[in-house]
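Trainee: Data file target-v4.cif (mmCIF, C-alpha atoms and all ligand atoms) is appended below.
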data_query
loop_
_atom_site.label_atom_id
_atom_site.label_comp_id
_atom_site.auth_asym_id
_atom_site.auth_seq_id
_atom_site.Cartn_x
_atom_site.Cartn_y
_atom_site.Cartn_z
CA MET A 1 108.66 97.44 76.16
CA ALA A 2 108.94 100.81 77.84
CA ILE A 3 109.92 102.60 80.99
CA ARG A 4 106.91 104.72 81.92
CA ASP A 5 106.69 107.90 83.96
CA VAL A 6 105.68 107.24 87.58
CA LEU A 7 103.00 109.58 88.95
CA LYS A 8 104.00 111.47 92.08
CA MET A 9 102.04 112.18 95.23
CA GLY A 10 99.68 115.05 94.54
CA ASP A 11 98.44 113.59 91.28
CA PRO A 12 94.73 112.86 91.82
CA ARG A 13 94.94 109.64 89.80
CA LEU A 14 96.85 108.10 92.72
CA PHE A 15 93.78 108.53 94.95
CA GLU A 16 91.33 106.67 92.72
CA THR A 17 90.04 103.11 93.23
CA ALA A 18 91.30 100.71 90.56
CA ALA A 19 88.94 98.49 88.58
CA PRO A 20 89.26 94.68 88.44
CA VAL A 21 90.81 93.06 85.38
CA THR A 22 88.13 91.16 83.47
CA ALA A 23 90.15 89.54 80.64
CA PHE A 24 93.36 87.57 81.24
CA ASP A 25 96.18 86.55 78.94
CA THR A 26 95.46 89.40 76.53
CA PRO A 27 98.11 91.36 74.61
CA GLU A 28 97.03 94.50 76.46
CA LEU A 29 97.48 92.95 79.90
CA HIS A 30 100.87 91.47 78.99
CA ALA A 31 102.00 94.83 77.58
CA LEU A 32 100.93 96.64 80.74
CA ILE A 33 102.82 94.17 82.94
CA ALA A 34 105.93 94.37 80.74
CA ASP A 35 105.95 98.16 81.06
CA MET A 36 105.44 97.92 84.83
CA HIS A 37 108.31 95.42 85.09
CA ASP A 38 110.68 97.57 83.05
CA THR A 39 109.74 100.67 85.05
CA MET A 40 110.16 98.97 88.44
CA ARG A 41 113.54 97.51 87.46
CA ALA A 42 114.81 100.81 86.02
CA LEU A 43 113.99 102.63 89.28
CA ASN A 44 115.08 99.79 91.62
CA GLY A 45 111.59 99.65 93.11
CA ALA A 46 110.44 96.78 95.30
CA GLY A 47 107.01 96.97 93.74
CA LEU A 48 104.76 98.92 91.43
CA ALA A 49 101.01 99.23 91.02
CA ALA A 50 99.31 100.00 87.70
CA PRO A 51 97.77 103.27 88.98
CA GLN A 52 101.32 104.58 89.51
CA ILE A 53 101.75 104.66 85.74
CA GLY A 54 98.26 106.07 85.24
CA VAL A 55 96.40 102.81 84.56
CA GLY A 56 93.41 102.29 86.86
CA LEU A 57 93.44 98.49 86.94
CA GLN A 58 94.01 96.04 89.81
CA VAL A 59 97.49 94.92 88.79
CA VAL A 60 100.55 94.99 91.05
CA ILE A 61 104.04 93.56 90.72
CA PHE A 62 106.76 93.17 93.34
CA GLU A 63 110.21 91.69 93.77
CA VAL A 64 112.94 91.98 96.37
CA ASN A 65 116.24 90.35 95.43
CA GLY A 66 119.37 92.18 96.42
CA ASN A 67 117.48 95.44 96.00
CA PRO A 68 119.78 98.41 96.75
CA ARG A 69 116.80 100.33 98.15
CA TYR A 70 116.12 97.54 100.68
CA PRO A 71 119.48 95.86 101.23
CA GLU A 72 118.70 94.04 104.47
CA VAL A 73 115.39 92.32 103.87
CA GLU A 74 114.61 88.76 102.84
CA PRO A 75 114.16 88.08 99.11
CA VAL A 76 110.67 88.12 97.63
CA PRO A 77 110.19 86.32 94.29
CA TYR A 78 109.07 88.37 91.29
CA THR A 79 105.30 88.22 91.40
CA VAL A 80 102.53 89.53 89.18
CA LEU A 81 99.30 89.78 91.17
CA VAL A 82 96.00 90.68 89.53
CA ASN A 83 92.72 91.37 91.38
CA PRO A 84 94.31 90.76 94.80
CA GLN A 85 92.45 89.94 97.99
CA LEU A 86 94.20 90.18 101.36
CA THR A 87 93.28 88.34 104.54
CA PRO A 88 95.27 89.08 107.73
CA LEU A 89 96.38 85.91 109.53
CA SER A 90 96.34 87.56 112.94
CA ASP A 91 95.80 90.95 114.56
CA ALA A 92 99.56 91.44 115.00
CA ILE A 93 100.83 94.75 113.63
CA GLU A 94 104.46 95.63 112.89
CA GLU A 95 105.93 99.05 112.16
CA GLY A 96 108.52 99.22 109.40
CA TRP A 97 110.17 101.75 107.10
CA GLU A 98 108.76 102.17 103.62
CA GLY A 99 109.48 104.23 100.57
CA CYS A 100 107.53 104.61 97.35
CA LEU A 101 108.44 105.52 93.79
CA SER A 102 105.54 108.01 93.91
CA VAL A 103 107.07 109.71 96.97
CA PRO A 104 110.72 109.97 95.88
CA GLY A 105 113.48 110.71 98.34
CA MET A 106 111.43 109.98 101.45
CA ARG A 107 110.79 107.20 103.96
CA GLY A 108 108.17 106.70 106.63
CA LEU A 109 107.43 104.30 109.48
CA VAL A 110 104.22 102.47 108.60
CA PRO A 111 102.11 99.97 110.59
CA ARG A 112 101.15 96.82 108.66
CA TYR A 113 99.73 93.38 109.44
CA ALA A 114 102.66 91.13 110.29
CA ALA A 115 101.28 88.11 108.42
CA LEU A 116 98.64 87.70 105.78
CA ARG A 117 97.25 85.48 103.05
CA TYR A 118 97.03 86.93 99.56
CA GLN A 119 94.99 85.57 96.72
CA GLY A 120 94.60 86.67 93.14
CA PHE A 121 95.69 85.71 89.65
CA ASP A 122 98.74 85.86 87.45
CA ALA A 123 98.71 87.39 83.97
CA ALA A 124 97.39 84.16 82.45
CA GLY A 125 94.54 83.93 84.95
CA GLN A 126 96.10 81.16 87.05
CA PRO A 127 95.24 81.46 90.74
CA ILE A 128 97.82 82.61 93.28
CA ASP A 129 97.38 81.82 96.98
CA ARG A 130 100.22 82.52 99.40
CA SER A 131 100.58 83.07 103.13
CA VAL A 132 103.50 85.35 103.98
CA GLN A 133 104.99 87.47 106.73
CA GLY A 134 107.59 90.14 107.32
CA PHE A 135 108.73 92.35 104.45
CA HIS A 136 106.91 90.19 101.90
CA ALA A 137 103.62 90.89 103.71
CA ARG A 138 104.55 94.58 103.96
CA VAL A 139 105.25 94.95 100.23
CA VAL A 140 101.96 93.31 99.29
CA GLN A 141 99.98 95.59 101.61
CA HIS A 142 101.78 98.66 100.27
CA GLU A 143 101.08 97.74 96.65
CA VAL A 144 97.46 96.74 97.22
CA ASP A 145 96.93 100.07 99.01
CA HIS A 146 97.76 101.77 95.69
CA LEU A 147 94.70 100.03 94.19
CA ARG A 148 92.55 101.65 96.85
CA GLY A 149 93.95 105.14 96.42
CA ILE A 150 96.09 104.97 99.56
CA LEU A 151 99.71 106.15 99.70
CA TYR A 152 101.88 105.07 102.64
CA PRO A 153 102.18 108.57 104.20
CA MET A 154 98.42 108.39 104.81
CA ARG A 155 99.05 105.47 107.21
CA ILE A 156 101.92 106.94 109.26
CA ARG A 157 100.83 107.23 112.88
CA ASP A 158 103.38 109.87 113.94
CA LEU A 159 104.53 112.19 111.18
CA ARG A 160 107.82 112.75 113.01
CA ASN A 161 108.60 109.32 111.55
CA PHE A 162 108.36 110.66 107.99
CA GLY A 163 111.25 112.40 106.31
CA TYR A 164 113.98 112.58 103.75
CA THR A 165 115.86 109.33 103.26
CA ASP A 166 119.30 110.91 103.40
CA THR A 167 118.43 112.74 106.64
CA LEU A 168 116.77 109.76 108.35
CA PHE A 169 119.55 107.35 107.34
CA PRO A 170 122.70 109.47 106.92
CA GLY A 171 125.73 107.78 105.49
CA GLN A 172 123.84 104.65 104.45
CA ASN A 173 123.83 105.79 100.83
CA LEU A 174 120.31 104.49 100.28
CA GLN A 175 119.07 105.29 96.84
CA ASP A 176 117.27 108.59 96.72
CA ASP A 177 113.81 107.48 95.75
NI NI B 201 104.31 102.73 96.40
#
Mind converting the file's structure to structure tokens?

Mentor:
Amino acid sequence: MAIRDVLKMGDPRLFETAAPVTAFDTPELHALIADMHDTMRALNGAGLAAPQIGVGLQVVIFEVNGNPRYPEVEPVPYTVLVNPQLTPLSDAIEEGWEGCLSVPGMRGLVPRYAALRYQGFDAAGQPIDRSVQGFHARVVQHEVDHLRGILYPMRIRDLRNFGYTDTLFPGQNLQDD
């Protein structure tokens, strides 16, 4: 398939609300997901949402497995999640550092629910229902925010905790995007 261009913050398409997918297991949906997968892998992203490649549909993918951008977090299995619904499992909030392929070269400290249940469908229309915590929960919230037109800098409580990756984490050689 193809590595697609990722829209960057400032592009108005990133602020739109994505539409639900209405037909599963179609060639078009599989092609979209293949392009998202190739693009995420090429850029070492932990996740990608369809609006980031200019497609306004409720499709996200994510995976954390020895990711050089997030070297110290627990693995998250490769997941395709369509039409997601999130339900927090408690009121507990955790702050953690996030980056985004649409905000290259930067990191910010973002509050997220510590644990949540997510439901949705895979590409074939099979239901997905998982309860997760920690970085897994964080990645899902970040990606689902993209479907609502929200980028992580919009959630940072104190903008002093937003900056360039190589300045915030000098010498750690974190990938610059
Ligand atoms: Ni992102």

Trainee: Considering only C-alpha atoms, tabulate each residue of segment 29-66 of chain A that lies at most 9 Å from segment 144-159 of chain A along with its nearest interatomic pair and the corresponding distance in Å to one decimal; arrange the rows by chain and ascending residue number and present them as a Markdown table.

Mentor:
| residue | atom | partner | partner_atom | distance |
| --- | --- | --- | --- | --- |
| A:Leu48 | CA | A:His146 | CA | 8.7 |
| A:Ala49 | CA | A:His146 | CA | 6.2 |
| A:Ala50 | CA | A:Leu147 | CA | 8.0 |
| A:Pro51 | CA | A:Leu147 | CA | 6.9 |
| A:Gln52 | CA | A:His146 | CA | 7.7 |
| A:Gly56 | CA | A:Leu147 | CA | 7.8 |
| A:Leu57 | CA | A:Leu147 | CA | 7.5 |
| A:Gln58 | CA | A:Leu147 | CA | 6.0 |
| A:Val59 | CA | A:Leu147 | CA | 7.9 |
| A:Val60 | CA | A:Val144 | CA | 7.1 |

Trainee: Residues proximal to (102.6, 106.7, 83.6) were defined as those with any atom within 9 Å of that point in the file's coordinates, counting all atoms listed in the file. Which are they, as a PyMOL selection string?

Mentor: chain A and resi 3-7+50-55

Trainee: My list of candidates is A:Leu89, A:Ala23, A:Val140, A:Leu29. Which is closest to ligand NI 201 (chain B) when distances are computed with only C-alpha atoms and all ligand atoms?

Mentor: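 For ligand NI 201 (chain B), the nearest of the candidates is A:Val140.
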
Trainee: For a quick check of understanding, using all atoms listed in the file, which of A:Pro75, A:Gly47, A:Pro170, A:Gly163 has the smallest distance to Gln141 of chain A?

Mentor: A:Gly47

Trainee: Show me which residues sit within 6 Å of ligand NI 201 (chain B) when counting all atoms listed in the file, and put them as a list in words.

Mentor: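 Using all atoms listed in the file, everything at most 6 Å from ligand NI 201 (chain B) comes to Cys100, Leu101, Ser102 and Glu143 of chain A.
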
Trainee: When you look at segment 111-117 of chain A with a cut-off of 8 Å (counting all atoms listed in the file), what residues show up, excluding the ones that are within fewer than 2 positions of it in the same chain? I need them as a ChimeraX atom specification.

Mentor: /A:86-96,109,119,129-134,137-138,141,155-157

Trainee: Of the candidates A:Ala31, A:Phe135, A:Tyr118, A:Thr167, which one gets nearest to Pro84 of chain A if we count all atoms listed in the file?

Mentor: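 With all atoms listed in the file as the atom set, the closest residue is A:Tyr118.
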
Trainee: In Å, with one decimal, what is the gap from atom CA of Ile128 of chain A to atom CA of His30 of chain A?

Mentor: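 Here the two named atoms are 17.1 Å from each other.
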
Trainee: Kindly give the distance, in Å, that separates atom CA of Thr26 of chain A and atom CA of Gly125 of chain A, rounded to a single decimal.

Mentor: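 Here the two named atoms are 10.1 Å from each other.
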
Trainee: Assuming 5 Å of padding per side, give the centre and edge lengths of the axis-aligned box around every listed atom of segment 21-36 of chain A, in Å to one decimal and as AutoDock Vina command-line options.

Mentor:
--center_x 97.0 --center_y 92.4 --center_z 80.0 --size_x 27.8 --size_y 21.6 --size_z 20.8

Trainee: Which value, in Å to one decimal, gives the distance between atom CA of Asp166 of chain A and atom CA of Pro68 of chain A?

Mentor: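 Computing it gives 14.2 Å between the two atoms.
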
Trainee: Considering all atoms listed in the file, state which residue in the set A:Asn83, A:Ala2, A:Glu72, A:Asn161 is at the smallest distance from Gln126 of chain A.

Mentor: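 Of the candidates, the smallest distance to Gln126 of chain A is held by A:Asn83.
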
Trainee: Go through A:Leu43, A:Ile33, A:Val103, A:Val139 one by one, measure the shortest atom-to-atom distance of each to Pro77 of chain A using only C-alpha atoms, and give the residue with the smallest value.

Mentor: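 Looking at the shortest contact to Pro77 of chain A, the residue is A:Val139.
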